[in-house]
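Q: One file is attached below, run00.txt, containing compact mmCIF, C-alpha atoms.
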```
# COMPACT_ATOMS: atom_id res chain seq x y z
CA MET A 1 -23.15 13.61 1.66
CA ASN A 2 -23.72 14.02 5.42
CA ASN A 3 -24.15 10.96 7.60
CA ARG A 4 -24.58 9.91 11.23
CA LEU A 5 -22.14 7.03 11.09
CA ARG A 6 -19.70 8.42 13.66
CA VAL A 7 -22.50 9.09 16.15
CA LEU A 8 -24.09 5.67 15.64
CA ARG A 9 -20.71 3.99 16.00
CA ALA A 10 -19.89 5.92 19.16
CA GLU A 11 -23.27 5.04 20.69
CA ARG A 12 -22.29 1.38 20.37
CA GLN A 13 -18.74 1.99 21.63
CA TRP A 14 -17.25 0.58 18.43
CA SER A 15 -13.93 1.70 17.02
CA GLN A 16 -13.59 2.43 13.31
CA ALA A 17 -11.70 -0.84 12.93
CA GLU A 18 -14.49 -2.78 14.67
CA LEU A 19 -17.14 -1.20 12.47
CA GLY A 20 -14.99 -1.91 9.44
CA ALA A 21 -14.67 -5.57 10.49
CA ARG A 22 -18.46 -5.84 10.88
CA LEU A 23 -18.97 -4.36 7.41
CA ASP A 24 -15.95 -6.17 5.92
CA VAL A 25 -14.36 -2.93 4.78
CA SER A 26 -11.13 -1.36 5.98
CA ARG A 27 -10.80 1.11 8.83
CA GLN A 28 -9.76 3.68 6.23
CA ALA A 29 -13.03 3.17 4.37
CA VAL A 30 -15.04 3.78 7.56
CA ASN A 31 -12.99 6.90 8.24
CA ALA A 32 -13.54 8.17 4.69
CA ILE A 33 -17.30 7.64 4.93
CA GLU A 34 -17.53 9.31 8.34
CA THR A 35 -15.59 12.36 7.17
CA GLY A 36 -17.64 12.63 3.97
CA LYS A 37 -14.70 11.91 1.67
CA HIS A 38 -16.29 8.77 0.30
CA ASP A 39 -19.95 8.14 -0.44
CA PRO A 40 -20.70 4.44 0.02
CA SER A 41 -22.14 2.40 -2.82
CA LEU A 42 -25.76 1.32 -2.56
CA PRO A 43 -24.86 -2.25 -1.46
CA LEU A 44 -22.58 -0.91 1.29
CA ALA A 45 -25.18 1.64 2.36
CA PHE A 46 -27.69 -1.21 2.73
CA ARG A 47 -25.16 -3.22 4.78
CA ILE A 48 -24.64 -0.22 7.05
CA ALA A 49 -28.38 0.30 7.42
CA ARG A 50 -28.94 -3.38 8.25
CA LEU A 51 -26.11 -3.36 10.79
CA PHE A 52 -27.67 -0.44 12.67
CA ASP A 53 -31.22 -1.69 12.01
CA MET A 54 -32.19 1.63 10.44
CA LYS A 55 -33.29 2.97 7.07
CA ILE A 56 -30.61 4.32 4.73
CA GLU A 57 -32.16 7.78 4.75
CA ASP A 58 -32.01 7.82 8.55
CA ILE A 59 -28.24 7.47 8.36
CA PHE A 60 -27.34 9.33 5.17
CA ASP A 61 -28.55 12.79 4.17
CA ASP A 62 -27.94 14.19 0.69
CA GLY A 63 -29.17 17.64 1.73
CA HIS A 64 -32.47 17.44 -0.16
CA ASP A 65 -35.84 17.31 1.58
CA MET B 1 -14.60 -10.69 20.80
CA MET B 2 -13.25 -7.47 19.39
CA ALA B 3 -11.42 -5.00 21.57
CA MET B 4 -13.10 -1.72 22.47
CA THR B 5 -11.39 1.63 22.22
CA GLU B 6 -11.61 3.90 25.26
CA ASN B 7 -13.39 6.64 23.40
CA PRO B 8 -14.39 5.75 19.86
CA ALA B 9 -16.06 9.11 19.29
CA GLU B 10 -12.69 10.83 19.73
CA GLU B 11 -10.94 8.37 17.47
CA GLY B 12 -10.34 11.03 14.85
CA ARG B 13 -8.52 10.35 11.59
CA LEU B 14 -7.33 6.91 12.44
CA GLY B 15 -6.76 6.21 8.78
CA GLN B 16 -3.50 8.11 9.03
CA SER B 17 -2.07 5.90 11.72
CA THR B 18 -1.89 2.93 9.36
CA ALA B 19 -0.16 5.15 6.82
CA ALA B 20 2.31 6.15 9.51
CA ARG B 21 2.90 2.49 10.36
CA ILE B 22 3.43 1.56 6.72
CA THR B 23 5.81 4.50 6.26
CA LEU B 24 7.77 3.62 9.40
CA ALA B 25 7.90 -0.07 8.45
CA SER B 26 9.11 0.80 4.93
CA LEU B 27 11.75 3.28 6.09
CA SER B 28 12.94 0.89 8.80
CA GLY B 29 13.16 -1.93 6.28
CA ILE B 30 15.13 0.17 3.79
CA ALA B 31 17.48 1.43 6.51
CA ALA B 32 17.92 -2.15 7.77
CA VAL B 33 18.87 -3.33 4.28
CA PHE B 34 21.38 -0.46 4.07
CA CYS B 35 22.92 -1.36 7.46
CA LEU B 36 23.08 -5.06 6.67
CA GLY B 37 24.63 -4.18 3.30
CA ILE B 38 27.47 -2.46 5.17
CA VAL B 39 27.83 -5.59 7.32
CA THR B 40 28.03 -7.69 4.15
CA GLY B 41 30.71 -5.39 2.78
CA VAL B 42 32.76 -5.57 5.97
CA THR B 43 32.40 -9.39 6.04
CA ALA B 44 33.37 -9.67 2.38
CA GLY B 45 36.44 -7.52 3.04
CA PHE B 46 37.41 -9.74 5.95
CA LEU B 47 37.00 -12.92 3.88
CA GLU B 48 39.05 -11.41 1.05
CA LYS B 49 41.93 -10.02 3.12
CA GLY B 50 41.76 -12.38 6.09
CA ASP B 51 42.16 -9.37 8.34
CA LEU B 52 39.78 -6.92 9.99
CA SER B 53 40.71 -3.54 11.50
CA VAL B 54 39.19 -2.52 14.84
CA ARG B 55 37.46 0.40 13.14
CA ALA B 56 35.89 -1.75 10.42
CA GLY B 57 34.90 -4.39 12.96
CA THR B 58 33.25 -1.78 15.19
CA ILE B 59 31.35 -0.25 12.27
CA GLY B 60 30.23 -3.71 11.17
CA ALA B 61 29.07 -4.67 14.67
CA VAL B 62 27.20 -1.38 15.19
CA CYS B 63 25.55 -1.63 11.76
CA PHE B 64 24.58 -5.24 12.49
CA ALA B 65 22.97 -4.24 15.78
CA ILE B 66 21.17 -1.24 14.24
CA GLY B 67 20.06 -3.40 11.29
CA LEU B 68 18.52 -6.00 13.60
CA LEU B 69 16.84 -3.27 15.65
CA LEU B 70 15.39 -1.70 12.51
CA LEU B 71 14.12 -5.09 11.31
CA TRP B 72 12.43 -5.53 14.69
CA VAL B 73 10.81 -2.08 14.39
CA ALA B 74 9.54 -2.94 10.89
CA PHE B 75 8.22 -6.30 12.10
CA ARG B 76 6.36 -4.67 15.02
CA GLN B 77 4.73 -2.15 12.68
CA VAL B 78 3.57 -4.84 10.27
CA ARG B 79 2.29 -6.95 13.18
CA ALA B 80 0.36 -3.94 14.53
CA ILE B 81 -1.29 -3.41 11.14
CA PHE B 82 -2.58 -6.99 11.16
CA ALA B 83 -3.53 -6.93 14.86
CA GLU B 84 -6.49 -4.58 14.48
CA PRO B 85 -9.97 -6.04 13.93
CA MET B 86 -10.68 -6.56 10.25
CA GLY B 87 -13.06 -8.49 8.04
CA LYS B 88 -12.14 -11.47 5.90
CA ASN B 89 -11.68 -9.54 2.67
CA THR B 90 -9.73 -6.74 4.32
CA ARG B 91 -7.32 -9.27 5.86
CA ARG B 92 -6.97 -11.04 2.51
CA ALA B 93 -6.27 -7.74 0.72
CA ARG B 94 -3.54 -6.83 3.21
CA LEU B 95 -2.07 -10.30 3.00
CA MET B 96 -1.95 -10.06 -0.79
CA MET B 97 -0.24 -6.69 -0.48
CA GLY B 98 2.39 -8.28 1.73
CA VAL B 99 2.83 -11.16 -0.74
CA SER B 100 3.21 -8.62 -3.57
CA VAL B 101 5.95 -6.79 -1.68
CA LEU B 102 7.78 -10.10 -1.14
CA VAL B 103 7.44 -10.98 -4.84
CA GLY B 104 8.82 -7.52 -5.69
CA VAL B 105 11.82 -8.14 -3.43
CA VAL B 106 12.42 -11.53 -5.09
CA PHE B 107 12.23 -9.88 -8.54
CA GLY B 108 14.75 -7.23 -7.41
CA VAL B 109 17.14 -9.88 -6.08
CA LEU B 110 16.82 -11.92 -9.29
CA MET B 111 17.59 -8.82 -11.34
CA ALA B 112 20.66 -8.09 -9.23
CA VAL B 113 21.78 -11.73 -9.54
CA GLY B 114 21.24 -11.79 -13.29
CA GLU B 115 23.07 -8.57 -14.04
CA LYS B 116 25.82 -8.29 -16.59
CA GLY B 117 27.94 -5.28 -15.76
CA GLU B 118 26.38 -2.34 -13.93
CA SER B 119 23.13 -2.54 -11.97
CA PRO B 120 20.40 -3.36 -14.50
CA ILE B 121 17.40 -2.44 -12.35
CA LEU B 122 17.08 1.03 -13.88
CA SER B 123 20.04 1.16 -16.25
CA GLY B 124 18.68 -1.16 -18.94
CA ALA B 125 21.94 -3.13 -18.96
CA ASP B 126 21.87 -6.70 -20.25
CA LEU B 127 20.36 -9.47 -18.14
CA SER B 128 21.08 -13.17 -18.31
CA PRO B 129 18.50 -14.79 -20.67
CA THR B 130 17.40 -17.29 -17.99
CA ILE B 131 16.72 -14.59 -15.42
CA ALA B 132 15.02 -12.47 -18.10
CA ILE B 133 12.64 -15.35 -18.98
CA ILE B 134 11.85 -15.97 -15.29
CA LEU B 135 11.14 -12.28 -14.71
CA ALA B 136 9.02 -12.02 -17.87
CA ILE B 137 6.91 -15.00 -16.77
CA GLY B 138 6.56 -13.37 -13.37
CA ALA B 139 5.41 -10.10 -14.94
CA LEU B 140 2.98 -11.85 -17.29
CA VAL B 141 1.56 -14.50 -14.93
CA ILE B 142 2.36 -13.96 -11.24
CA VAL B 143 1.75 -10.21 -11.12
CA PRO B 144 -1.66 -10.34 -12.91
CA VAL B 145 -2.81 -13.24 -10.70
CA LEU B 146 -1.75 -11.46 -7.50
CA THR B 147 -3.36 -8.24 -8.71
CA TRP B 148 -6.61 -10.04 -9.56
CA VAL B 149 -6.84 -11.79 -6.17
CA TRP B 150 -6.00 -8.52 -4.40
CA TRP B 151 -8.52 -6.59 -6.50
CA ARG B 152 -11.26 -9.09 -5.65
CA ALA B 153 -10.61 -8.58 -1.91
CA LEU B 154 -10.43 -4.77 -1.97
CA ASP B 155 -13.12 -2.65 -0.38
CA GLU B 156 -14.77 -0.04 -2.57
CA HIS B 157 -12.90 2.86 -1.00
CA GLU B 158 -9.47 1.47 -1.85
CA ALA B 159 -10.67 0.29 -5.27
CA GLY B 160 -11.75 3.88 -5.95
CA ALA B 161 -8.40 5.29 -4.79
CA TYR B 162 -6.54 2.75 -6.95
CA SER B 163 -8.73 3.56 -9.97
CA ASP B 164 -8.31 7.33 -9.54
CA GLY B 165 -4.54 6.86 -9.47
CA ALA B 166 -4.71 4.65 -12.54
CA VAL B 167 -6.68 7.21 -14.56
CA VAL B 168 -4.26 10.05 -13.76
CA ALA B 169 -1.22 7.82 -14.37
CA LEU B 170 -2.58 6.55 -17.69
CA ASN B 171 -3.25 10.10 -18.89
CA PHE B 172 0.25 11.14 -17.79
CA ASN B 173 1.70 8.16 -19.66
CA LEU B 174 -0.26 8.96 -22.84
CA SER B 175 0.63 12.65 -22.81
CA VAL B 176 4.33 12.27 -22.02
CA THR B 177 4.86 9.38 -24.44
CA ALA B 178 3.10 11.22 -27.28
CA ALA B 179 4.93 14.50 -26.61
CA TRP B 180 8.31 12.78 -26.34
CA TRP B 181 7.65 10.79 -29.51
CA VAL B 182 6.81 13.84 -31.65
CA LEU B 183 9.74 15.80 -30.20
CA ALA B 184 12.02 12.86 -31.04
CA ARG B 185 10.61 12.81 -34.58
CA GLY B 186 11.34 16.53 -34.78
CA GLY B 187 14.96 15.81 -33.87
CA LEU B 188 14.65 17.66 -30.56
CA MET B 189 14.96 14.65 -28.25
CA GLU B 190 16.37 11.16 -28.16
CA PRO B 191 13.97 8.31 -29.05
CA VAL B 192 11.35 7.52 -26.37
CA GLU B 193 12.74 5.47 -23.50
CA ALA B 194 10.13 3.24 -21.91
CA MET B 195 11.64 2.82 -18.43
CA PRO B 196 11.71 6.45 -17.21
CA VAL B 197 8.11 6.96 -18.37
CA PHE B 198 7.13 3.62 -16.82
CA MET B 199 8.75 4.49 -13.50
CA LEU B 200 7.16 7.95 -13.37
CA THR B 201 3.78 6.42 -14.23
CA ILE B 202 4.14 3.98 -11.32
CA VAL B 203 5.19 6.78 -8.95
CA ILE B 204 2.22 8.97 -9.91
CA TRP B 205 -0.20 6.03 -9.68
CA SER B 206 1.09 4.99 -6.26
CA ALA B 207 1.21 8.54 -4.87
CA ILE B 208 -2.41 9.29 -5.80
CA TRP B 209 -3.61 5.87 -4.65
CA LEU B 210 -1.92 6.21 -1.24
CA TRP B 211 -2.98 9.83 -0.86
CA LYS B 212 -6.65 9.09 -1.54
CA ARG B 213 -6.48 5.97 0.58
CA TYR B 214 -4.90 7.36 3.73
CA PHE B 215 -5.30 11.17 3.75
```
Mind turning this structure into structure tokens?

A:
Amino acid sequence: MNNRLRVLRAERQWSQAELGARLDVSRQAVNAIETGKHDPSLPLAFRIARLFDMKIEDIFDDGHD
Amino acid sequence: MMAMTENPAEEGRLGQSTAARITLASLSGIAAVFCLGIVTGVTAGFLEKGDLSVRAGTIGAVCFAIGLLLLWVAFRQVRAIFAEPMGKNTRRARLMMGVSVLVGVVFGVLMAVGEKGESPILSGADLSPTIAIILAIGALVIVPVLTWVWWRALDEHEAGAYSDGAVVALNFNLSVTAAWWVLARGGLMEPVEAMPVFMLTIVIWSAIWLWKRYF
């Protein structure tokens, strides 16, 4: 699944570790999500969306219209 | 206030740097134990003979210095791992991992202390009953409690990596044990030995878990 997490994080000048701390997940988890190796669960996707004040579908894209 | 990186967009695969730190800390720790073991041997020889050659003394001193340096390197790596910003559960999970490593070291020392004859850690040689009871209680009570607390603190990415490793390791264990058992019944192999299969299961589990976690 594609996502804009790296771009959104960079816009806020956050490191992966900082974003991980805000989401209470590890830096490795943030890295895995950003590189598409791990698709977040629905609860984590909601936490990410709330943190960036966006809708889930504005951050994550499953490739379907 | 959390520290900012100079260019977070160029951060790249930072997940590997923690793996590198863990690897360096582990290798430094093992090498330090090896060096300090030599120092112990030299000291024991001195206490036994009451004499110490210049060569042995030099080797002991150098190994002592290298051992301390390696311990310092390991300490710095562990400190760096905990220095980065992290949430409450992530910090707790890492702390529990550290506690688990310490418990493992204590178990290893107890096994070495309780040995009868050759090293019993992998050999299956007899242990003193007292040490055996302590270790069994540890395996049945302390390890499950630590695992449960650690599991509760894990993030979903690591939980997934751990579970993937567990599934592969369990299937390996089932296949190898069953194959070995039938071959033993056919008179082609010795009876199944639990420890080699157990150790290989742990190695496979850990390798897949760490691979999926950090690479």

Q: Hey, what's within 10 Å of Phe46 (chain A) if we count all atoms listed in the file and toss same-chain stuff fewer than 6 positions away? As a list in words, please?

A: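 In the requested form, the answer reads Pro40, Phe52, Asp53, Met54, Lys55 and Ile56 of chain A.
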
Q: To one decimal place, how far is CA of Pro43 (chain A) from CA of Gly98 (chain B) in Å?

A: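 Interatomic distance, CA of Pro43 (chain A) to CA of Gly98 (chain B): 28.1 Å.
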
Q: Give as a list in words each residue that has an atom at most 7 Å from (-13.2, 2.3, 1.1) in the file, counting all atoms listed in the file.

A: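 Selection result: Val25, Ser26, Gln28, Ala29, Val30 and Ala32 of chain A; Asp155, Glu156, His157 and Glu158 of chain B.
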
Q: Quick check, in Å to one decimal: how far apart do CA of Ile131 (chain B) and CA of Val99 (chain B) lie?

A: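 Taking CA of Ile131 (chain B) and CA of Val99 (chain B), their separation equals 20.5 Å.
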
Q: Find, counting all atoms listed in the file, the residue in A:Arg27, A:Arg22, A:Arg4, A:His38 that gets nearest to Asp58 (chain A).

A: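 Between A:Arg27, A:Arg22, A:Arg4, A:His38, the residue approaching Asp58 (chain A) most closely is A:Arg4.
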
Q: Using 10 Å as the limit and counting all atoms listed in the file, can you tabulate each residue of chain A that touches chain B, with its shortest atom-to-atom distance in Å and the two atoms involved, as JSON lines?

A:
```
{"residue": "A:Arg6", "atom": "CA", "partner": "B:Ala9", "partner_atom": "CA", "distance": 6.7}
{"residue": "A:Val7", "atom": "CA", "partner": "B:Ala9", "partner_atom": "CA", "distance": 7.2}
{"residue": "A:Leu8", "atom": "CA", "partner": "B:Ala9", "partner_atom": "CA", "distance": 9.5}
{"residue": "A:Arg9", "atom": "CA", "partner": "B:Pro8", "partner_atom": "CA", "distance": 7.6}
{"residue": "A:Ala10", "atom": "CA", "partner": "B:Ala9", "partner_atom": "CA", "distance": 5.0}
{"residue": "A:Glu11", "atom": "CA", "partner": "B:Ala9", "partner_atom": "CA", "distance": 8.4}
{"residue": "A:Arg12", "atom": "CA", "partner": "B:Pro8", "partner_atom": "CA", "distance": 9.0}
{"residue": "A:Gln13", "atom": "CA", "partner": "B:Pro8", "partner_atom": "CA", "distance": 6.0}
{"residue": "A:Trp14", "atom": "CA", "partner": "B:Pro8", "partner_atom": "CA", "distance": 6.1}
{"residue": "A:Ser15", "atom": "CA", "partner": "B:Pro8", "partner_atom": "CA", "distance": 5.0}
{"residue": "A:Gln16", "atom": "CA", "partner": "B:Pro8", "partner_atom": "CA", "distance": 7.4}
{"residue": "A:Ala17", "atom": "CA", "partner": "B:Pro85", "partner_atom": "CA", "distance": 5.6}
{"residue": "A:Glu18", "atom": "CA", "partner": "B:Pro85", "partner_atom": "CA", "distance": 5.6}
{"residue": "A:Leu19", "atom": "CA", "partner": "B:Met86", "partner_atom": "CA", "distance": 8.7}
{"residue": "A:Gly20", "atom": "CA", "partner": "B:Met86", "partner_atom": "CA", "distance": 6.4}
{"residue": "A:Ala21", "atom": "CA", "partner": "B:Met86", "partner_atom": "CA", "distance": 4.1}
{"residue": "A:Arg22", "atom": "CA", "partner": "B:Gly87", "partner_atom": "CA", "distance": 6.7}
{"residue": "A:Leu23", "atom": "CA", "partner": "B:Gly87", "partner_atom": "CA", "distance": 7.2}
{"residue": "A:Asp24", "atom": "CA", "partner": "B:Gly87", "partner_atom": "CA", "distance": 4.3}
{"residue": "A:Val25", "atom": "CA", "partner": "B:Asp155", "partner_atom": "CA", "distance": 5.3}
{"residue": "A:Ser26", "atom": "CA", "partner": "B:Thr90", "partner_atom": "CA", "distance": 5.8}
{"residue": "A:Arg27", "atom": "CA", "partner": "B:Gly15", "partner_atom": "CA", "distance": 6.5}
{"residue": "A:Gln28", "atom": "CA", "partner": "B:Gly15", "partner_atom": "CA", "distance": 4.7}
{"residue": "A:Ala29", "atom": "CA", "partner": "B:His157", "partner_atom": "CA", "distance": 5.4}
{"residue": "A:Val30", "atom": "CA", "partner": "B:Gly15", "partner_atom": "CA", "distance": 8.7}
{"residue": "A:Asn31", "atom": "CA", "partner": "B:Gly15", "partner_atom": "CA", "distance": 6.3}
{"residue": "A:Ala32", "atom": "CA", "partner": "B:His157", "partner_atom": "CA", "distance": 7.8}
{"residue": "A:Ile33", "atom": "CA", "partner": "B:His157", "partner_atom": "CA", "distance": 8.8}
{"residue": "A:Glu34", "atom": "CA", "partner": "B:Arg13", "partner_atom": "CA", "distance": 9.6}
{"residue": "A:Thr35", "atom": "CA", "partner": "B:Arg13", "partner_atom": "CA", "distance": 8.6}
{"residue": "A:Lys37", "atom": "CA", "partner": "B:Lys212", "partner_atom": "CA", "distance": 9.1}
{"residue": "A:His38", "atom": "CA", "partner": "B:His157", "partner_atom": "CA", "distance": 6.9}
{"residue": "A:Asp39", "atom": "CA", "partner": "B:His157", "partner_atom": "CA", "distance": 8.8}
{"residue": "A:Pro40", "atom": "CA", "partner": "B:Glu156", "partner_atom": "CA", "distance": 7.9}
{"residue": "A:Ser41", "atom": "CA", "partner": "B:Glu156", "partner_atom": "CA", "distance": 7.8}
{"residue": "A:Leu44", "atom": "CA", "partner": "B:Glu156", "partner_atom": "CA", "distance": 8.8}
```

Q: Interatomic distance between CA of Asp126 (chain B) and CA of Ala112 (chain B)?

A: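 Separating CA of Asp126 (chain B) from CA of Ala112 (chain B) is a distance of 11.2 Å.
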
Q: Restricting the calculation to all atoms listed in the file, which member of B:Val143, B:Ala56, B:Ile204, B:Val192 is positioned closest to Phe107 (chain B)?

A: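 Closest residue, counting all atoms listed in the file: B:Val143.
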
Q: Tell me, as a PyMOL selection string, which residues lie within 8 Å of region 161-171 of chain B, counting all atoms listed in the file; anything in the same chain fewer than 6 positions away does not count.

A: chain B and resi 201-202+204-210+212-213

Q: Determine the nearest neighbour of Val103 (chain B) from the options B:Ile66, B:Ala125, B:Ile142, B:Ile30, counting only C-alpha atoms.

A: B:Ile142

Q: Taking 6 positions as the minimum chain separation for residues in the same chain, which residues sit within 10 Å of Ala132 (chain B) when counting all atoms listed in the file? Answer as a list in words.

A: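 Answer for this query is Leu110, Met111, Gly114, Glu115, Asp126 and Gly138 of chain B.
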
Q: Based on the selection just made, write C-alpha atoms of those residues as an mmCIF file, in the coordinates of the input.

A:
```
data_model
loop_
_atom_site.group_PDB
_atom_site.id
_atom_site.type_symbol
_atom_site.label_atom_id
_atom_site.label_comp_id
_atom_site.auth_asym_id
_atom_site.auth_seq_id
_atom_site.Cartn_x
_atom_site.Cartn_y
_atom_site.Cartn_z
ATOM 1 C CA LEU B 110 16.820 -11.920 -9.290
ATOM 2 C CA MET B 111 17.590 -8.820 -11.340
ATOM 3 C CA GLY B 114 21.240 -11.790 -13.290
ATOM 4 C CA GLU B 115 23.070 -8.570 -14.040
ATOM 5 C CA ASP B 126 21.870 -6.700 -20.250
ATOM 6 C CA GLY B 138 6.560 -13.370 -13.370
#
```

Q: Enclose all atoms of region 13-22 of chain A listed in the file in an axis-aligned box, grow every side by 5 Å, and hand back centre and edge lengths in Å to one decimal, as AutoDock Vina command-line options.

A:
```
--center_x -15.2 --center_y -1.7 --center_z 15.5 --size_x 17.0 --size_y 18.3 --size_z 22.2
```

Q: Which residues, written as a PyMOL selection string, have at least one atom at most 9 Å from Leu69 (chain B), with all atoms listed in the file counted and residues fewer than 4 positions away on the same chain left out?

A: chain B and resi 28+32+64-65+73-74

Q: Would you list the contacts of region 61-63 of chain A as a list of chain:residue names, taking every protein, DNA or RNA residue within 6 Å and counting all atoms listed in the file, but skipping same-chain residues closer than 2 positions in sequence?

A: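 Here the qualifying residues turn out to be A:Met1, A:Asn2, A:Asn3.
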
Q: With only C-alpha atoms as the atoms that count, which of B:Val176, B:Leu95, B:Val149, B:Ile133 lies nearest to Pro196 (chain B)?

A: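 Closest residue, counting only C-alpha atoms: B:Val176.
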
Q: Could I get region 177-196 of chain B rebuilt with N, CA and C atoms, written as a PDB file, keeping the file's coordinate frame?

A:
```pdb
ATOM      1  N   THR B 177       4.355  10.235 -23.358  1.00  0.00           N
ATOM      2  CA  THR B 177       4.860   9.380 -24.440  1.00  0.00           C
ATOM      3  C   THR B 177       4.624  10.041 -25.805  1.00  0.00           C
ATOM      4  N   ALA B 178       3.415  10.586 -25.987  1.00  0.00           N
ATOM      5  CA  ALA B 178       3.100  11.220 -27.280  1.00  0.00           C
ATOM      6  C   ALA B 178       3.970  12.447 -27.521  1.00  0.00           C
ATOM      7  N   ALA B 179       4.125  13.273 -26.459  1.00  0.00           N
ATOM      8  CA  ALA B 179       4.930  14.500 -26.610  1.00  0.00           C
ATOM      9  C   ALA B 179       6.391  14.154 -26.896  1.00  0.00           C
ATOM     10  N   TRP B 180       6.914  13.200 -26.159  1.00  0.00           N
ATOM     11  CA  TRP B 180       8.310  12.780 -26.340  1.00  0.00           C
ATOM     12  C   TRP B 180       8.516  12.222 -27.747  1.00  0.00           C
ATOM     13  N   TRP B 181       7.556  11.423 -28.194  1.00  0.00           N
ATOM     14  CA  TRP B 181       7.650  10.790 -29.510  1.00  0.00           C
ATOM     15  C   TRP B 181       7.713  11.827 -30.625  1.00  0.00           C
ATOM     16  N   VAL B 182       6.812  12.833 -30.575  1.00  0.00           N
ATOM     17  CA  VAL B 182       6.810  13.840 -31.650  1.00  0.00           C
ATOM     18  C   VAL B 182       8.061  14.719 -31.574  1.00  0.00           C
ATOM     19  N   LEU B 183       8.514  15.017 -30.336  1.00  0.00           N
ATOM     20  CA  LEU B 183       9.740  15.800 -30.200  1.00  0.00           C
ATOM     21  C   LEU B 183      10.947  15.025 -30.734  1.00  0.00           C
ATOM     22  N   ALA B 184      10.935  13.696 -30.497  1.00  0.00           N
ATOM     23  CA  ALA B 184      12.020  12.860 -31.040  1.00  0.00           C
ATOM     24  C   ALA B 184      11.966  12.853 -32.565  1.00  0.00           C
ATOM     25  N   ARG B 185      10.756  12.787 -33.120  1.00  0.00           N
ATOM     26  CA  ARG B 185      10.610  12.810 -34.580  1.00  0.00           C
ATOM     27  C   ARG B 185      11.063  14.152 -35.154  1.00  0.00           C
ATOM     28  N   GLY B 186      10.898  15.206 -34.351  1.00  0.00           N
ATOM     29  CA  GLY B 186      11.340  16.530 -34.780  1.00  0.00           C
ATOM     30  C   GLY B 186      12.829  16.750 -34.562  1.00  0.00           C
ATOM     31  N   GLY B 187      13.520  15.719 -34.076  1.00  0.00           N
ATOM     32  CA  GLY B 187      14.960  15.810 -33.870  1.00  0.00           C
ATOM     33  C   GLY B 187      15.342  16.606 -32.640  1.00  0.00           C
ATOM     34  N   LEU B 188      14.380  16.849 -31.749  1.00  0.00           N
ATOM     35  CA  LEU B 188      14.650  17.660 -30.560  1.00  0.00           C
ATOM     36  C   LEU B 188      14.985  16.820 -29.330  1.00  0.00           C
ATOM     37  N   MET B 189      14.666  15.532 -29.379  1.00  0.00           N
ATOM     38  CA  MET B 189      14.960  14.650 -28.250  1.00  0.00           C
ATOM     39  C   MET B 189      15.422  13.290 -28.767  1.00  0.00           C
ATOM     40  N   GLU B 190      16.011  12.543 -27.837  1.00  0.00           N
ATOM     41  CA  GLU B 190      16.370  11.160 -28.160  1.00  0.00           C
ATOM     42  C   GLU B 190      15.079  10.345 -28.311  1.00  0.00           C
ATOM     43  N   PRO B 191      15.158   9.160 -28.951  1.00  0.00           N
ATOM     44  CA  PRO B 191      13.970   8.310 -29.050  1.00  0.00           C
ATOM     45  C   PRO B 191      13.366   8.009 -27.665  1.00  0.00           C
ATOM     46  N   VAL B 192      12.068   7.754 -27.643  1.00  0.00           N
ATOM     47  CA  VAL B 192      11.350   7.520 -26.370  1.00  0.00           C
ATOM     48  C   VAL B 192      11.977   6.340 -25.639  1.00  0.00           C
ATOM     49  N   GLU B 193      12.256   6.562 -24.354  1.00  0.00           N
ATOM     50  CA  GLU B 193      12.740   5.470 -23.500  1.00  0.00           C
ATOM     51  C   GLU B 193      11.588   5.033 -22.601  1.00  0.00           C
ATOM     52  N   ALA B 194      11.296   3.740 -22.635  1.00  0.00           N
ATOM     53  CA  ALA B 194      10.130   3.240 -21.910  1.00  0.00           C
ATOM     54  C   ALA B 194      10.297   3.319 -20.395  1.00  0.00           C
ATOM     55  N   MET B 195      11.495   2.981 -19.882  1.00  0.00           N
ATOM     56  CA  MET B 195      11.640   2.820 -18.430  1.00  0.00           C
ATOM     57  C   MET B 195      11.413   4.092 -17.620  1.00  0.00           C
ATOM     58  N   PRO B 196      11.983   5.253 -18.013  1.00  0.00           N
ATOM     59  CA  PRO B 196      11.710   6.450 -17.210  1.00  0.00           C
ATOM     60  C   PRO B 196      10.221   6.793 -17.173  1.00  0.00           C
TER      61      PRO B 196
END
```
